[in-house]
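Here the structure comes first, spelled out in C-alpha cells, and everything after it is commentary.
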Amino acid sequence: MLKTYLTATAASLLALTAAAYAPSAAAQAKEEVEVMHWWTSGGEAAALNVLKEQLQKEGVSWKDAPVAGGGGDAAMTALRARVTAGDKPTSVQLLGLSVHDWAAEGVLADLTPLAEKEHWADHIPPAIQAFSTYEGKWVAAPVNIHRTNWLWINKKLLDKVGGKAPTNWAEFEALAKQFKDAGVTPLAHGGQPWQEATTFDAIVVAVGGNDFYKKAFVDLDPAALGSDTMQKAFDQLRVLRGWVDPNFSGRDWNLASAMVINGEAGMQVMGDWAKGEFIKAGLKPGVDIVCVPYPGSEKAFLFNSDQFAMFSLDDKARQDAQLKLASAIESPSFQESFNLVKGSIPANTEVKPDKFDSCGQKSMADRDAFKTTGGMLPSLAHGHAAPAAVKGAIYDVVTNFFNSTQSSADAAKALVDAVALAK
C-alpha cells in the first residue's frame with residue numbers, strides 16, 4: 001500500500017514538474033513552412049538554401065519535403081497523394097498550367113492582397129503573370145524565369161578541337177563531328193521523356209520558327225503537328241540521337257551536365273538550371289562554359305517559371321508564414337541572390353543585370369526585348385504550353401521515336417493522333 005502511494009506521489013510530482021517547465025501552447029506555436037519541391041541536385045539545393053536562410057532570419061522555420069526527379073512528375077504524384085489524404089503541405093513548387101489545375105480545385109490560398117500591396121503586377125512580365133494568376137487572383141509567387149533552349153559547350157574542348165559555337169544546324173553538325181573525331185561524346189543527354197521533350201522543344205522552334213511552334217504546341221493545330229515541318233524536326237532529333245553515348249538511358253540531367261563539366265562530352269541541350277551545376281563545379285558560364293541558344297532558335301525564349309503556390313490552411317501561424325514566404329520570394333534582394341545561384345533569371349524585373357554572368361545578362365536582355373516580338377514562348381516540355389494530358393501524350397511520342405527506328409512521317413502522324421486523344 002505504501003509502495004503504491006509513493007509511486008502515485010512520484011508520478012504526480014513528475015507531472016507537475018513537466019507542466020511547470022513545458023512551454024505554453026502559444027509559445028509552442030511558431031511560424032513554419034513545409035515546402036514540397038523537386039530541387040535535389042547540388043546546384044538546386046544550394047539555390048534553395050538562399051530562401052531557407054532568408055526565412056530563418058525572419059523567424060520562420062523551414063521543413064523540407066523534397067521529391068527527387070528533375071521534371072517534377074514524381075513530386076506531383078506525391079502531392080496528389082498527400083492532398084487526397086488531407087495532408088496538404090504549406091507550399092509547393094509548381095510549373096506552368098499545373099498552377100491553374102490546383103487553383104481550379106479551390107485548394108490554393110489567395111495571395112492577391114499581398115500582391116497588390118507589393119505591386120507584383122508592375123514588375124512581373126505578363127507572360128509569367130499568366131501562370132501566377134487564376135480568374136483574376138494571384139495564386140502563386142514566381143521565383144524565376146528559366147530559358148530552356150540553351151546549348152552549353154565545354155570551352156576547353158571547343159578550343160581543343162578548334163571549333164566554334166554553332167549558329168546554325170550545319171555548324172552544329174560540323175562541331176559534333178569534330179568532338180566525335182577527338183574521342184569525345186558530342187552530346188550529353190539523359191534518357192528521360194522530359195529531357196527528350198526539352199530537346200525537341202528547341203528543335204521545333206529552330207526548324208519551324210516561333211509562329212509554327214505556337215500553332216503546334218500552344219494551339220495544338222493538327223495540320224502543324226502532322227506537317228512536313230514537324231517531320232523535319234523529327235529528322236533533326238534522329239540526327240541528335242546519333243551523337244549521344246550508348247549509356248544515356250535513365251541518366252539524370254545533372255549527371256549529363258557533369259559529363260560536360262568533366263570533359264567527357266562536348267555539349268548539352270538543357271535549360272539554364274544546368275548553369276547552377278556549372279557554377280557549383282567552379283566553372284564560369286560564358287568563360288569556361290559557352291552558352292548559345294540552340295542553333296536556329298535565337299529569336300525565341302522558350303521559358304518555364306518555377307512558382308510557389310500556398311495551400312489554403314486554417315492554422316493562423318502557418319498562414320502568416322505563407323505570406324512571409326511569398327513576400328520573401330518576390331523581394332528584389334532574394335530574386336537576385338537566388339537566381340545568381342540557380343542559373344535562372346529573376347521573375348522580378350526590378351533586379352538589375354550587373355551581377356549576372358554573360359549568359360544571364362543575355363537572357364535578361366532577350367526577356368525584355370522579346371516581350372513585344374512574340375519571342376517569349378511557353379515550353380511544352382515543362383508544362384507551360386499545353387495541359388498535362390497533352391504534354392504526357394507528346395512525351396510518349398517523342399521518347400518512343402528517340403528510342404526506336406520509327407520514321408519521321410510515322411512519328412508526326414502519331415503526334416496528331418496522340419494529341420487528339422489527350423485533348
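Scheme for the C-alpha cells: letters A, B, ... for chains in order shown; per-chain residue numbers from 1; ligand numbers from 1 in order shown.
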### Query
Which of segment 232-275 of chain A counts as alpha helix (DSSP H) under DSSP, as a count of residues only please?
21
### Task
Find the residues around Trp243 of chain A up to 9 Å (only C-alpha atoms counted), leave out those fewer than 6 positions away in its own chain, and share them as a list of chain:residue names.
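The contact residues come out as A:Ala176, A:Lys177, A:Lys180, A:Thr185, A:Pro186, A:Leu187, A:Ala188.
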Keeping all heavy atoms, export the residues of the selection given above as a CSV table (one decimal), in the first residue's frame.
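Generated output (again28.csv):
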```csv
chain,number,residue,atom,x,y,z
A,176,ALA,N,29.8,18.7,-83.8
A,176,ALA,CA,29.6,17.4,-83.3
A,176,ALA,C,30.6,16.4,-83.9
A,176,ALA,O,31.1,15.5,-83.1
A,176,ALA,CB,28.2,17.0,-83.5
A,177,LYS,N,30.8,16.5,-85.2
A,177,LYS,CA,31.8,15.6,-85.8
A,177,LYS,C,33.2,15.8,-85.3
A,177,LYS,O,34.0,14.9,-85.1
A,177,LYS,CB,31.7,15.8,-87.3
A,177,LYS,CG,32.6,14.7,-88.1
A,177,LYS,CD,32.4,14.9,-89.6
A,177,LYS,CE,33.2,13.8,-90.3
A,177,LYS,NZ,34.6,13.7,-89.9
A,180,LYS,N,33.4,14.1,-82.0
A,180,LYS,CA,33.5,12.7,-82.1
A,180,LYS,C,34.8,12.2,-82.6
A,180,LYS,O,35.4,11.2,-82.1
A,180,LYS,CB,32.4,12.2,-83.1
A,180,LYS,CG,32.3,10.7,-83.1
A,180,LYS,CD,31.0,10.2,-83.9
A,180,LYS,CE,30.8,8.7,-83.8
A,180,LYS,NZ,29.6,8.3,-84.5
A,185,THR,N,32.3,12.3,-76.5
A,185,THR,CA,30.9,12.2,-76.8
A,185,THR,C,30.4,13.6,-77.2
A,185,THR,O,30.5,14.6,-76.4
A,185,THR,CB,30.1,11.7,-75.6
A,185,THR,OG1,30.5,10.4,-75.2
A,185,THR,CG2,28.6,11.7,-75.8
A,186,PRO,N,29.8,13.8,-78.4
A,186,PRO,CA,29.4,15.1,-78.8
A,186,PRO,C,28.3,15.7,-78.0
A,186,PRO,O,28.4,16.9,-77.7
A,186,PRO,CB,28.9,14.9,-80.3
A,186,PRO,CG,29.6,13.6,-80.7
A,186,PRO,CD,29.7,12.8,-79.5
A,187,LEU,N,27.3,14.9,-77.6
A,187,LEU,CA,26.2,15.5,-76.9
A,187,LEU,C,25.8,14.7,-75.6
A,187,LEU,O,25.5,13.5,-75.7
A,187,LEU,CB,24.9,15.4,-77.8
A,187,LEU,CG,23.7,16.1,-77.3
A,187,LEU,CD1,23.9,17.7,-77.2
A,187,LEU,CD2,22.5,15.9,-78.3
A,188,ALA,N,25.9,15.3,-74.5
A,188,ALA,CA,25.5,14.7,-73.2
A,188,ALA,C,24.0,14.7,-73.1
A,188,ALA,O,23.3,15.8,-73.4
A,188,ALA,CB,26.1,15.5,-72.0
```
### Task
Extract, using only C-alpha atoms, all DNA, RNA and protein residues at most 12 Å from Glu53 of chain A, discarding same-chain residues fewer than 6 positions from it, and format them as a list in words.
Ala46, Ala47, Gly59, Val60, Ser61, Trp62, Leu325, Ala328, Phe334, Ser337 and Phe338 of chain A
Could those selected residues go to a file with N, CA, C and O atoms, as a compact mmCIF listing (two decimals), in the first residue's frame?
```
# COMPACT_ATOMS: atom_id res chain seq x y z
N ALA A 46 21.67 24.24 -53.40
CA ALA A 46 22.39 25.45 -52.99
C ALA A 46 21.52 26.68 -53.18
O ALA A 46 21.52 27.60 -52.33
N ALA A 47 20.77 26.73 -54.27
CA ALA A 47 19.89 27.87 -54.52
C ALA A 47 18.76 27.91 -53.49
O ALA A 47 18.40 28.98 -52.98
N GLY A 59 12.45 34.46 -38.58
CA GLY A 59 11.83 33.65 -37.55
C GLY A 59 10.92 32.57 -38.07
O GLY A 59 10.11 32.01 -37.32
N VAL A 60 11.01 32.26 -39.36
CA VAL A 60 10.18 31.21 -39.95
C VAL A 60 11.04 29.97 -40.17
O VAL A 60 12.05 30.02 -40.88
N SER A 61 10.65 28.87 -39.55
CA SER A 61 11.43 27.64 -39.72
C SER A 61 11.00 26.93 -41.00
O SER A 61 9.87 27.07 -41.47
N TRP A 62 11.90 26.15 -41.55
CA TRP A 62 11.70 25.51 -42.85
C TRP A 62 11.68 23.99 -42.66
O TRP A 62 12.60 23.41 -42.11
N LEU A 325 6.73 33.84 -46.70
CA LEU A 325 7.41 33.10 -47.76
C LEU A 325 7.17 33.76 -49.10
O LEU A 325 8.11 34.01 -49.87
N ALA A 328 8.98 37.10 -49.34
CA ALA A 328 10.42 36.91 -49.48
C ALA A 328 10.78 36.51 -50.91
O ALA A 328 11.77 36.98 -51.47
N PHE A 334 16.13 38.89 -52.68
CA PHE A 334 16.11 37.44 -52.79
C PHE A 334 16.18 36.99 -54.24
O PHE A 334 16.91 36.06 -54.58
N SER A 337 19.78 37.15 -55.33
CA SER A 337 20.65 36.15 -54.68
C SER A 337 20.32 34.74 -55.15
O SER A 337 21.21 33.95 -55.46
N PHE A 338 19.04 34.43 -55.20
CA PHE A 338 18.62 33.08 -55.57
C PHE A 338 19.00 32.75 -57.01
O PHE A 338 19.59 31.70 -57.29
```
### Task
Would you kindly return, as a PyMOL selection string, each protein, DNA or RNA residue with an atom no farther than 10 Å from any atom of Asn339 of chain A, considering only C-alpha atoms and excluding same-chain residues fewer than 4 positions away?
chain A and resi 47-48+50+143-146+273+276+334-335+343-347+356+360
### Message
When you count only C-alpha atoms, which of these residues is closest to Leu95 of chain A: A:Ile128, A:Ile394, A:Leu283, A:Ala274?
### Response
A:Ile128
### Message
For a quick check of understanding, using only C-alpha atoms, which of A:Trp102, A:Lys324, A:Ala115, A:Arg318 has the smallest distance to Gln56 of chain A?
### Response
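The answer is A:Lys324, which sits nearest to Gln56 of chain A.
Interatomic distance, atom CA of Asp219 of chain A against atom CA of Phe402 of chain A: 24.1 Å.
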